[in-house]
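**Student:** Sharing protein-v3.cif (mmCIF, C-alpha atoms) below.
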data_start
#
loop_
_atom_site.group_PDB
_atom_site.id
_atom_site.type_symbol
_atom_site.label_atom_id
_atom_site.label_comp_id
_atom_site.auth_asym_id
_atom_site.auth_seq_id
_atom_site.Cartn_x
_atom_site.Cartn_y
_atom_site.Cartn_z
ATOM 1 C CA MET A 256 -56.079 42.216 76.027
ATOM 2 C CA LYS A 257 -54.328 41.759 72.776
ATOM 3 C CA ALA A 258 -55.861 43.300 69.729
ATOM 4 C CA HIS A 259 -56.280 39.941 68.066
ATOM 5 C CA LYS A 260 -58.120 38.595 71.074
ATOM 6 C CA LEU A 261 -60.351 41.636 70.918
ATOM 7 C CA LEU A 262 -61.046 40.772 67.322
ATOM 8 C CA MET A 263 -61.886 37.223 68.352
ATOM 9 C CA PHE A 264 -64.293 38.484 70.996
ATOM 10 C CA THR A 265 -65.824 40.728 68.410
ATOM 11 C CA ILE A 266 -66.398 37.758 66.170
ATOM 12 C CA LEU A 267 -67.840 35.573 68.864
ATOM 13 C CA LEU A 268 -70.045 38.123 70.579
ATOM 14 C CA ALA A 269 -71.495 40.064 67.703
ATOM 15 C CA PRO A 270 -75.116 38.924 67.778
ATOM 16 C CA GLY A 271 -76.452 40.887 64.871
ATOM 17 C CA TRP A 272 -74.242 39.374 62.241
ATOM 18 C CA THR A 273 -75.583 37.314 59.510
ATOM 19 C CA LEU A 274 -75.388 33.644 60.257
ATOM 20 C CA ALA A 275 -76.148 32.399 56.815
ATOM 21 C CA ALA A 276 -72.857 31.414 55.289
ATOM 22 C CA GLY A 277 -72.068 32.107 51.655
ATOM 23 C CA ASN A 278 -69.004 31.215 49.669
ATOM 24 C CA PRO A 279 -65.863 32.431 51.431
ATOM 25 C CA ARG A 280 -63.728 31.990 48.332
ATOM 26 C CA LEU A 281 -63.115 35.275 46.575
ATOM 27 C CA THR A 282 -62.481 35.583 42.893
ATOM 28 C CA ILE A 283 -59.122 37.287 42.789
ATOM 29 C CA PRO A 284 -58.559 39.308 39.616
ATOM 30 C CA ASP A 285 -55.628 38.648 37.364
ATOM 31 C CA PHE A 286 -52.897 40.972 38.563
ATOM 32 C CA THR A 287 -50.295 39.865 36.030
ATOM 33 C CA ALA A 288 -49.946 43.338 34.559
ATOM 34 C CA LEU A 289 -49.584 44.804 38.015
ATOM 35 C CA SER A 290 -47.012 42.247 39.069
ATOM 36 C CA LYS A 291 -44.836 43.324 36.147
ATOM 37 C CA LYS A 292 -44.795 46.847 37.531
ATOM 38 C CA ALA A 293 -44.151 45.713 41.090
ATOM 39 C CA SER A 294 -40.700 45.632 42.620
ATOM 40 C CA ASP A 295 -41.793 42.756 44.846
ATOM 41 C CA SER A 296 -44.750 40.518 44.440
ATOM 42 C CA VAL A 297 -46.209 37.588 46.283
ATOM 43 C CA ALA A 298 -48.825 35.422 44.629
ATOM 44 C CA ILE A 299 -49.731 32.379 46.649
ATOM 45 C CA SER A 300 -52.599 30.021 45.939
ATOM 46 C CA LEU A 301 -52.853 27.049 48.230
ATOM 47 C CA ASP A 302 -55.846 24.772 47.967
ATOM 48 C CA SER A 303 -56.689 22.019 50.430
ATOM 49 C CA SER A 304 -54.480 19.435 48.737
ATOM 50 C CA LEU A 305 -51.450 21.734 48.781
ATOM 51 C CA LEU A 306 -52.156 22.628 52.387
ATOM 52 C CA GLY A 307 -52.264 18.934 53.196
ATOM 53 C CA MET A 308 -49.005 18.421 51.350
ATOM 54 C CA ALA A 309 -47.415 21.320 53.214
ATOM 55 C CA ALA A 310 -48.645 19.935 56.536
ATOM 56 C CA GLY A 311 -46.775 16.729 55.767
ATOM 57 C CA PHE A 312 -43.558 18.695 55.603
ATOM 58 C CA LEU A 313 -44.073 20.632 58.816
ATOM 59 C CA ASP A 314 -42.004 19.201 61.609
ATOM 60 C CA ASP A 315 -43.956 18.888 64.862
ATOM 61 C CA SER A 316 -40.750 19.012 66.859
ATOM 62 C CA LYS A 317 -40.062 22.559 65.666
ATOM 63 C CA PRO A 318 -42.160 25.222 67.422
ATOM 64 C CA GLN A 319 -42.774 27.320 64.320
ATOM 65 C CA ASP A 320 -43.743 24.334 62.240
ATOM 66 C CA ALA A 321 -45.995 22.952 64.961
ATOM 67 C CA ALA A 322 -47.739 26.315 65.378
ATOM 68 C CA THR A 323 -48.135 26.674 61.615
ATOM 69 C CA LYS A 324 -49.563 23.184 61.381
ATOM 70 C CA GLU A 325 -52.049 24.019 64.098
ATOM 71 C CA VAL A 326 -53.154 27.145 62.225
ATOM 72 C CA ILE A 327 -53.638 25.495 58.858
ATOM 73 C CA LYS A 328 -55.473 22.530 60.344
ATOM 74 C CA GLY A 329 -59.042 22.843 59.127
ATOM 75 C CA LEU A 330 -58.239 25.331 56.377
ATOM 76 C CA GLN A 331 -59.335 24.652 52.825
ATOM 77 C CA GLY A 332 -57.381 27.369 51.127
ATOM 78 C CA ILE A 333 -55.065 30.335 51.484
ATOM 79 C CA TYR A 334 -54.785 32.880 48.708
ATOM 80 C CA VAL A 335 -52.428 35.847 48.974
ATOM 81 C CA ARG A 336 -51.572 38.594 46.538
ATOM 82 C CA SER A 337 -49.172 41.264 47.659
ATOM 83 C CA TYR A 338 -47.460 43.842 45.485
ATOM 84 C CA THR A 339 -44.858 46.421 46.442
ATOM 85 C CA PHE A 340 -43.947 49.264 44.133
ATOM 86 C CA ASP A 341 -41.047 51.672 43.884
ATOM 87 C CA HIS A 342 -43.228 54.738 43.686
ATOM 88 C CA ASP A 343 -46.587 55.997 44.874
ATOM 89 C CA ALA A 344 -49.828 55.541 42.995
ATOM 90 C CA ALA A 345 -48.514 52.643 40.985
ATOM 91 C CA TYR A 346 -51.828 50.905 41.271
ATOM 92 C CA ALA A 347 -55.355 52.165 40.930
ATOM 93 C CA GLU A 348 -58.056 51.759 43.537
ATOM 94 C CA ALA A 349 -60.060 50.118 40.804
ATOM 95 C CA ASP A 350 -57.606 47.231 40.981
ATOM 96 C CA ILE A 351 -58.939 46.243 44.368
ATOM 97 C CA ASP A 352 -62.482 47.454 43.932
ATOM 98 C CA ALA A 353 -63.392 44.121 42.371
ATOM 99 C CA ILE A 354 -62.482 42.481 45.653
ATOM 100 C CA ARG A 355 -64.270 45.045 47.775
ATOM 101 C CA LYS A 356 -67.401 44.545 45.706
ATOM 102 C CA GLN A 357 -67.390 40.806 46.441
ATOM 103 C CA LEU A 358 -67.201 41.550 50.128
ATOM 104 C CA THR A 359 -70.551 43.304 50.030
ATOM 105 C CA ALA A 360 -72.182 39.943 49.315
ATOM 106 C CA PRO A 361 -74.312 38.393 52.055
ATOM 107 C CA GLY A 362 -72.318 36.407 54.554
ATOM 108 C CA TRP A 363 -69.358 38.723 54.748
ATOM 109 C CA ASN A 364 -69.067 40.911 57.804
ATOM 110 C CA GLN A 365 -66.603 43.716 58.144
ATOM 111 C CA LEU A 366 -64.656 43.079 61.273
ATOM 112 C CA VAL A 367 -62.100 45.857 61.259
ATOM 113 C CA GLN A 368 -61.477 48.916 59.201
ATOM 114 C CA THR A 369 -58.426 50.957 60.032
ATOM 115 C CA ARG A 370 -57.216 54.127 58.409
ATOM 116 C CA SER A 371 -53.879 55.722 59.168
ATOM 117 C CA ARG A 372 -53.514 59.174 57.701
ATOM 118 C CA LYS A 373 -49.833 59.460 58.429
ATOM 119 C CA THR A 374 -48.803 56.243 56.714
ATOM 120 C CA ARG A 375 -51.832 56.342 54.443
ATOM 121 C CA SER A 376 -52.419 52.726 55.186
ATOM 122 C CA ASP A 377 -55.869 51.198 55.127
ATOM 123 C CA VAL A 378 -56.638 47.753 56.416
ATOM 124 C CA ASP A 379 -60.018 46.115 56.056
ATOM 125 C CA ILE A 380 -60.736 42.748 57.565
ATOM 126 C CA TYR A 381 -63.843 40.784 56.795
ATOM 127 C CA VAL A 382 -64.995 37.449 58.124
ATOM 128 C CA MET A 383 -67.610 35.025 56.989
ATOM 129 C CA LEU A 384 -69.301 33.163 59.779
ATOM 130 C CA ASP A 385 -71.109 29.889 59.993
ATOM 131 C CA GLY A 386 -72.765 30.100 63.365
ATOM 132 C CA LYS A 387 -69.987 31.252 65.636
ATOM 133 C CA GLN A 388 -67.261 29.730 63.549
ATOM 134 C CA ALA A 389 -65.321 31.869 61.116
ATOM 135 C CA ILE A 390 -65.228 29.989 57.831
ATOM 136 C CA GLY A 391 -63.632 32.660 55.737
ATOM 137 C CA LEU A 392 -61.402 35.665 56.138
ATOM 138 C CA ALA A 393 -60.611 38.435 53.722
ATOM 139 C CA LEU A 394 -58.045 41.109 54.313
ATOM 140 C CA ILE A 395 -57.291 44.089 52.141
ATOM 141 C CA ALA A 396 -54.360 46.250 53.112
ATOM 142 C CA SER A 397 -53.439 49.190 50.963
ATOM 143 C CA GLU A 398 -50.602 51.609 51.324
ATOM 144 C CA PRO A 399 -49.255 54.112 48.814
ATOM 145 C CA ARG A 400 -46.666 51.685 47.522
ATOM 146 C CA GLU A 401 -48.135 48.385 48.493
ATOM 147 C CA PHE A 402 -51.342 46.490 48.512
ATOM 148 C CA THR A 403 -52.158 43.079 49.847
ATOM 149 C CA ILE A 404 -55.139 40.820 49.524
ATOM 150 C CA VAL A 405 -55.539 37.757 51.702
ATOM 151 C CA ASN A 406 -58.339 35.244 51.464
ATOM 152 C CA ILE A 407 -58.364 32.338 53.880
ATOM 153 C CA ILE A 408 -61.000 29.644 53.590
ATOM 154 C CA GLY A 409 -61.868 27.308 56.409
ATOM 155 C CA ALA A 410 -62.062 27.277 60.171
ATOM 156 C CA ILE A 411 -59.794 30.153 61.106
ATOM 157 C CA ASP A 412 -58.568 30.678 64.596
ATOM 158 C CA LEU A 413 -57.189 34.204 64.735
ATOM 159 C CA ASP A 414 -55.835 33.550 68.182
ATOM 160 C CA LYS A 415 -53.678 30.705 66.893
ATOM 161 C CA LEU A 416 -52.657 32.841 63.953
ATOM 162 C CA HIS A 417 -51.704 35.571 66.368
ATOM 163 C CA LYS A 418 -49.504 33.130 68.270
ATOM 164 C CA LEU A 419 -47.390 32.869 65.161
ATOM 165 C CA GLU A 420 -46.382 36.490 65.637
ATOM 166 C CA GLY A 421 -42.706 36.819 66.234
ATOM 167 C CA GLN A 422 -42.037 33.539 64.496
ATOM 168 C CA PHE A 423 -42.162 34.990 61.003
ATOM 169 C CA GLY A 424 -40.240 38.126 61.809
ATOM 170 C CA VAL A 425 -43.403 39.997 62.788
ATOM 171 C CA PRO A 426 -42.667 41.696 66.109
ATOM 172 C CA LYS A 427 -44.723 40.484 69.029
ATOM 173 C CA LEU A 428 -46.979 43.081 70.511
ATOM 174 C CA ASP A 429 -46.507 44.109 74.096
ATOM 175 C CA PRO A 430 -49.612 42.849 75.915
ATOM 176 C CA ASP A 431 -49.270 45.500 78.618
ATOM 177 C CA ALA A 432 -49.189 48.387 76.233
ATOM 178 C CA GLU A 433 -52.914 48.299 75.668
ATOM 179 C CA LYS A 434 -54.516 51.496 74.610
ATOM 180 C CA PRO A 435 -58.082 52.436 73.824
ATOM 181 C CA SER A 436 -59.198 50.734 70.676
ATOM 182 C CA SER A 437 -60.692 52.644 67.833
ATOM 183 C CA VAL A 438 -61.759 49.546 65.977
ATOM 184 C CA ASP A 439 -64.650 50.099 63.726
ATOM 185 C CA ARG A 440 -67.179 47.354 63.624
ATOM 186 C CA LYS A 441 -69.976 47.366 61.190
ATOM 187 C CA LYS A 442 -73.102 45.368 61.503
ATOM 188 C CA MET B 202 10.292 -69.958 -3.026
ATOM 189 C CA ASN B 203 9.665 -66.925 -5.190
ATOM 190 C CA ASP B 204 6.603 -68.533 -6.684
ATOM 191 C CA ASP B 205 5.246 -69.271 -3.240
ATOM 192 C CA LEU B 206 5.663 -65.721 -2.039
ATOM 193 C CA GLU B 207 4.092 -64.347 -5.155
ATOM 194 C CA SER B 208 1.203 -66.685 -4.815
ATOM 195 C CA ARG B 209 0.587 -65.658 -1.199
ATOM 196 C CA LEU B 210 0.748 -61.954 -2.046
ATOM 197 C CA ARG B 211 -1.692 -62.322 -4.883
ATOM 198 C CA ASP B 212 -3.961 -64.225 -2.654
ATOM 199 C CA ALA B 213 -3.805 -61.563 0.036
ATOM 200 C CA LEU B 214 -4.354 -58.656 -2.337
ATOM 201 C CA ARG B 215 -7.097 -60.082 -4.390
ATOM 202 C CA PRO B 216 -10.159 -57.833 -4.773
ATOM 203 C CA VAL B 217 -12.915 -58.633 -2.295
ATOM 204 C CA GLU B 218 -16.536 -57.726 -2.886
ATOM 205 C CA PRO B 219 -18.030 -55.590 -0.019
ATOM 206 C CA ARG B 220 -20.841 -57.023 2.013
ATOM 207 C CA LYS B 221 -24.324 -56.344 0.799
ATOM 208 C CA GLU B 222 -25.249 -53.967 3.675
ATOM 209 C CA PHE B 223 -21.968 -52.000 3.439
ATOM 210 C CA SER B 224 -23.337 -49.313 1.137
ATOM 211 C CA ALA B 225 -26.469 -48.812 3.208
ATOM 212 C CA GLN B 226 -24.465 -48.552 6.430
ATOM 213 C CA LEU B 227 -22.059 -46.084 4.857
ATOM 214 C CA LEU B 228 -24.861 -43.850 3.586
ATOM 215 C CA ALA B 229 -26.592 -43.987 6.970
ATOM 216 C CA ARG B 230 -23.395 -43.016 8.716
ATOM 217 C CA ILE B 231 -22.774 -40.086 6.344
ATOM 218 C CA ALA B 232 -26.288 -38.868 6.947
ATOM 219 C CA ALA B 233 -25.835 -39.145 10.721
ATOM 220 C CA GLU B 234 -22.536 -37.267 10.579
ATOM 221 C CA SER B 235 -24.028 -34.442 8.563
ATOM 222 C CA ARG B 236 -26.870 -34.053 11.090
ATOM 223 C CA ARG B 237 -24.492 -33.874 14.072
ATOM 224 C CA PRO B 238 -23.451 -30.205 14.633
ATOM 225 C CA ALA B 239 -19.834 -29.170 14.730
ATOM 226 C CA PRO B 240 -18.463 -28.319 18.226
ATOM 227 C CA GLY B 241 -18.524 -24.511 17.553
ATOM 228 C CA ARG B 242 -21.941 -24.660 16.054
ATOM 229 C CA ALA B 243 -23.187 -26.619 19.039
ATOM 230 C CA SER B 244 -22.242 -23.958 21.548
ATOM 231 C CA ARG B 245 -23.745 -21.268 19.356
ATOM 232 C CA ALA B 246 -26.938 -23.221 19.124
ATOM 233 C CA ARG B 247 -26.975 -23.749 22.882
ATOM 234 C CA GLY B 248 -26.410 -19.971 23.393
ATOM 235 C CA PHE B 249 -29.212 -19.169 21.033
ATOM 236 C CA ARG B 250 -31.551 -21.562 22.795
ATOM 237 C CA SER B 251 -30.740 -19.991 26.237
ATOM 238 C CA SER B 252 -30.662 -16.357 25.129
ATOM 239 C CA PRO B 253 -34.367 -15.675 25.730
ATOM 240 C CA TRP B 254 -33.821 -16.204 29.482
ATOM 241 C CA TRP B 255 -30.939 -13.803 29.592
ATOM 242 C CA LEU B 256 -32.828 -11.418 27.444
ATOM 243 C CA ALA B 257 -35.835 -11.624 29.756
ATOM 244 C CA ALA B 258 -33.646 -11.248 32.826
ATOM 245 C CA GLY B 259 -31.860 -8.290 31.278
ATOM 246 C CA LEU B 260 -35.115 -6.657 30.316
ATOM 247 C CA ALA B 261 -36.539 -7.276 33.783
ATOM 248 C CA ALA B 262 -33.452 -5.795 35.399
ATOM 249 C CA SER B 263 -33.604 -2.780 33.099
ATOM 250 C CA LEU B 264 -37.291 -2.372 33.840
ATOM 251 C CA PHE B 265 -36.643 -2.687 37.553
ATOM 252 C CA VAL B 266 -33.932 -0.051 37.427
ATOM 253 C CA ALA B 267 -36.106 2.227 35.293
ATOM 254 C CA VAL B 268 -39.045 1.870 37.681
ATOM 255 C CA GLY B 269 -36.738 2.462 40.626
ATOM 256 C CA VAL B 270 -35.258 5.583 39.064
ATOM 257 C CA GLN B 271 -38.717 6.835 38.138
ATOM 258 C CA HIS B 272 -39.979 6.176 41.664
ATOM 259 C CA HIS B 273 -36.995 7.985 43.124
ATOM 260 C CA ARG B 274 -37.517 10.939 40.820
ATOM 261 C CA SER B 275 -41.202 10.994 41.675
ATOM 262 C CA GLU B 276 -40.382 10.980 45.379
ATOM 263 C CA LEU B 277 -37.891 13.803 44.903
ATOM 264 C CA ASP B 278 -40.475 15.729 42.908
ATOM 265 C CA GLN B 279 -43.105 15.103 45.591
ATOM 266 C CA ARG B 280 -40.704 16.243 48.262
ATOM 267 C CA GLU B 281 -39.816 19.344 46.278
ATOM 268 C CA ARG B 282 -43.469 20.225 45.842
ATOM 269 C CA GLY B 283 -44.151 19.562 49.532
ATOM 270 C CA LEU B 284 -41.299 21.799 50.620
ATOM 271 C CA GLU B 285 -42.449 24.494 48.204
ATOM 272 C CA ALA B 286 -46.002 24.245 49.599
ATOM 273 C CA ARG B 287 -44.573 24.498 53.111
ATOM 274 C CA ARG B 288 -42.570 27.580 52.149
ATOM 275 C CA GLN B 289 -45.664 29.151 50.600
ATOM 276 C CA VAL B 290 -47.793 28.433 53.671
ATOM 277 C CA ILE B 291 -45.225 30.100 55.915
ATOM 278 C CA GLU B 292 -44.915 33.049 53.531
ATOM 279 C CA ALA B 293 -48.710 33.418 53.277
ATOM 280 C CA LEU B 294 -49.124 33.376 57.049
ATOM 281 C CA ARG B 295 -46.216 35.792 57.453
ATOM 282 C CA VAL B 296 -47.836 38.291 55.072
ATOM 283 C CA THR B 297 -51.229 37.816 56.753
ATOM 284 C CA ASN B 298 -49.764 38.304 60.209
ATOM 285 C CA GLN B 299 -47.872 41.362 59.062
ATOM 286 C CA LYS B 300 -51.104 42.992 57.902
ATOM 287 C CA LEU B 301 -53.030 41.890 60.984
ATOM 288 C CA ASP B 302 -50.226 43.393 62.996
ATOM 289 C CA LEU B 303 -50.536 46.637 61.046
ATOM 290 C CA ALA B 304 -54.265 46.729 61.790
ATOM 291 C CA SER B 305 -53.678 45.765 65.410
ATOM 292 C CA ARG B 306 -51.265 48.603 65.958
ATOM 293 C CA VAL B 307 -53.736 51.092 64.560
ATOM 294 C CA VAL B 308 -56.581 49.555 66.553
ATOM 295 C CA ARG B 309 -54.503 49.654 69.705
ATOM 296 C CA GLY B 310 -53.675 53.290 69.208
ATOM 297 C CA GLU B 311 -50.001 52.562 68.756
ATOM 298 C CA SER B 312 -50.260 54.376 65.488
ATOM 299 C CA SER B 313 -49.791 57.645 67.334
ATOM 300 C CA GLU B 314 -46.335 56.417 68.310
ATOM 301 C CA THR B 315 -45.295 54.193 65.462
ATOM 302 C CA LEU B 316 -47.605 54.714 62.569
ATOM 303 C CA GLY B 317 -48.891 58.168 63.173
ATOM 304 C CA GLU B 318 -52.412 59.438 63.423
ATOM 305 C CA HIS B 319 -55.143 56.996 62.660
ATOM 306 C CA SER B 320 -58.762 57.318 61.987
ATOM 307 C CA SER B 321 -61.627 54.962 62.228
ATOM 308 C CA THR B 322 -64.556 55.274 59.968
#
How does the structure come out when it is put into structure tokens?
**Tutor:**
Amino acid sequence: MKAHKLLMFTILLAPGWTLAAGNPRLTIPDFTALSKKASDSVAISLDSSLLGMAAGFLDDSKPQDAATKEVIKGLQGIYVRSYTFDHDAAYAEADIDAIRKQLTAPGWNQLVQTRSRKTRSDVDIYVMLDGKQAIGLALIASEPREFTIVNIIGAIDLDKLHKLEGQFGVPKLDPDAEKPSSVDRKK
Amino acid sequence: MNDDLESRLRDALRPVEPRKEFSAQLLARIAAESRRPAPGRASRARGFRSSPWWLAAGLAASLFVAVGVQHHRSELDQRERGLEARRQVIEALRVTNQKLDLASRVVRGESSETLGEHSST
């Protein structure tokens, strides 16, 4: 089973998670100062009207566009901040602590927390559920020279998102190369 | 013979009093002539009288062109913004997928091969 499908199962089957939905929109700090230090930066803020506008320019006859359209259908917002630096320790943990703090609010459930000592990469994925439907997703990925924050608002289908793999230059995972998962799920 | 000719000439050239209404008719005619516009003046007057139509038509045409140009520019602007939104959506999903992929590889234990040792907390 693909890792993303495992994540989906985790979302759907976790009975102890809070069902009361809060506000899935995070308040993203102003990273202007940080972006000036970054060698590459991505700052994307797409509200529902911009998503609707973008959907109008996605061509159904093209597979990537059609898949993208399917993913963003039902979303109310996508907010991404990603900064890459030329050297280590260019950003302080405090820079992303403000985000982490918001994710301790009721409604958010930590879905995955991965730590890789070799690459020193940490990825934390949180979801906000309304019943069994994910209505918000937050992702914090930090590496020595890079950190990324993603906040997606709306009905997210991770499986559909996963199907986009390979279409944006992200290599597709080999479904047969499944290994024991060490996913950490918190209740 | 000479006296006869002279007499006839005198008779023919004798002063004649104008009719009573001559002066009135002459004055009326002068007044009428002064009111009638000269040929050049007439065409200018006709042009002046018709100019509001041409002016209106010209203004309408200019307005039409201006609205058309504005509409075209607005459509181009809308298209530009739509394409930019599309590009941003694709970029946002690419970044998201990249990080999900990073987590997936660690979760799947592929980190031992590609990313190195991983830990779960």
**Student:** When the PyMOL selection byres ((chain A and resi 357) around 12) is applied to the structure above, which residues does it catch, written out as a PyMOL selection string?
**Tutor:** chain A and resi 277-284+351-356+358-364+381+393+406
**Student:** May I ask which of the residues A:Ser376, A:Ser337, A:Ser397, A:Ser371 is the closest one to Val296 of chain B, counting all atoms listed in the file?
**Tutor:** A:Ser337
**Student:** To one decimal place in Å, what is the distance between atom CA of Leu330 of chain A and atom CA of Ile408 of chain A?
**Tutor:**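 The value is 5.8 Å.
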**Student:** Just checking: using all atoms listed in the file, which residue out of A:Leu419, A:Leu306, A:Ala298, A:Ile333 ends up closest to Arg295 of chain B?
**Tutor:**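 Closest residue, counting all atoms listed in the file: A:Leu419.
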**Student:** Can you measure atom CA of Ile299 of chain A to atom CA of Val290 of chain B for me? One decimal in Å is fine.
**Tutor:**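 Separating atom CA of Ile299 of chain A from atom CA of Val290 of chain B is a distance of 8.3 Å.
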**Student:** On this structure, which residues satisfy the PyMOL selection byres ((chain B and resi 265-282) around 12), written as a CSV table (one decimal) with C-alpha atoms, in the frame of the given file?
**Tutor:**
chain,number,residue,atom,x,y,z
A,301,LEU,CA,-52.9,27.0,48.2
A,304,SER,CA,-54.5,19.4,48.7
A,305,LEU,CA,-51.4,21.7,48.8
A,306,LEU,CA,-52.2,22.6,52.4
A,307,GLY,CA,-52.3,18.9,53.2
A,308,MET,CA,-49.0,18.4,51.4
A,309,ALA,CA,-47.4,21.3,53.2
A,310,ALA,CA,-48.6,19.9,56.5
A,311,GLY,CA,-46.8,16.7,55.8
A,312,PHE,CA,-43.6,18.7,55.6
A,313,LEU,CA,-44.1,20.6,58.8
B,257,ALA,CA,-35.8,-11.6,29.8
B,258,ALA,CA,-33.6,-11.2,32.8
B,259,GLY,CA,-31.9,-8.3,31.3
B,260,LEU,CA,-35.1,-6.7,30.3
B,261,ALA,CA,-36.5,-7.3,33.8
B,262,ALA,CA,-33.5,-5.8,35.4
B,263,SER,CA,-33.6,-2.8,33.1
B,264,LEU,CA,-37.3,-2.4,33.8
B,283,GLY,CA,-44.2,19.6,49.5
B,284,LEU,CA,-41.3,21.8,50.6
B,285,GLU,CA,-42.4,24.5,48.2
B,286,ALA,CA,-46.0,24.2,49.6
B,287,ARG,CA,-44.6,24.5,53.1
B,288,ARG,CA,-42.6,27.6,52.1
B,289,GLN,CA,-45.7,29.2,50.6
**Student:** How many Å separate atom CA of Val308 of chain B from atom CA of Gly409 of chain A?
**Tutor:**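 Rounded to one decimal, the two atoms are 25.0 Å apart.
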**Student:** Kindly indicate which residue among A:Asp315, A:Glu325, A:Asp379, A:Glu401 lies nearest to chain B, using only C-alpha atoms for the distances.
**Tutor:**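 Nearest candidate to chain B out of A:Asp315, A:Glu325, A:Asp379, A:Glu401: A:Asp379.
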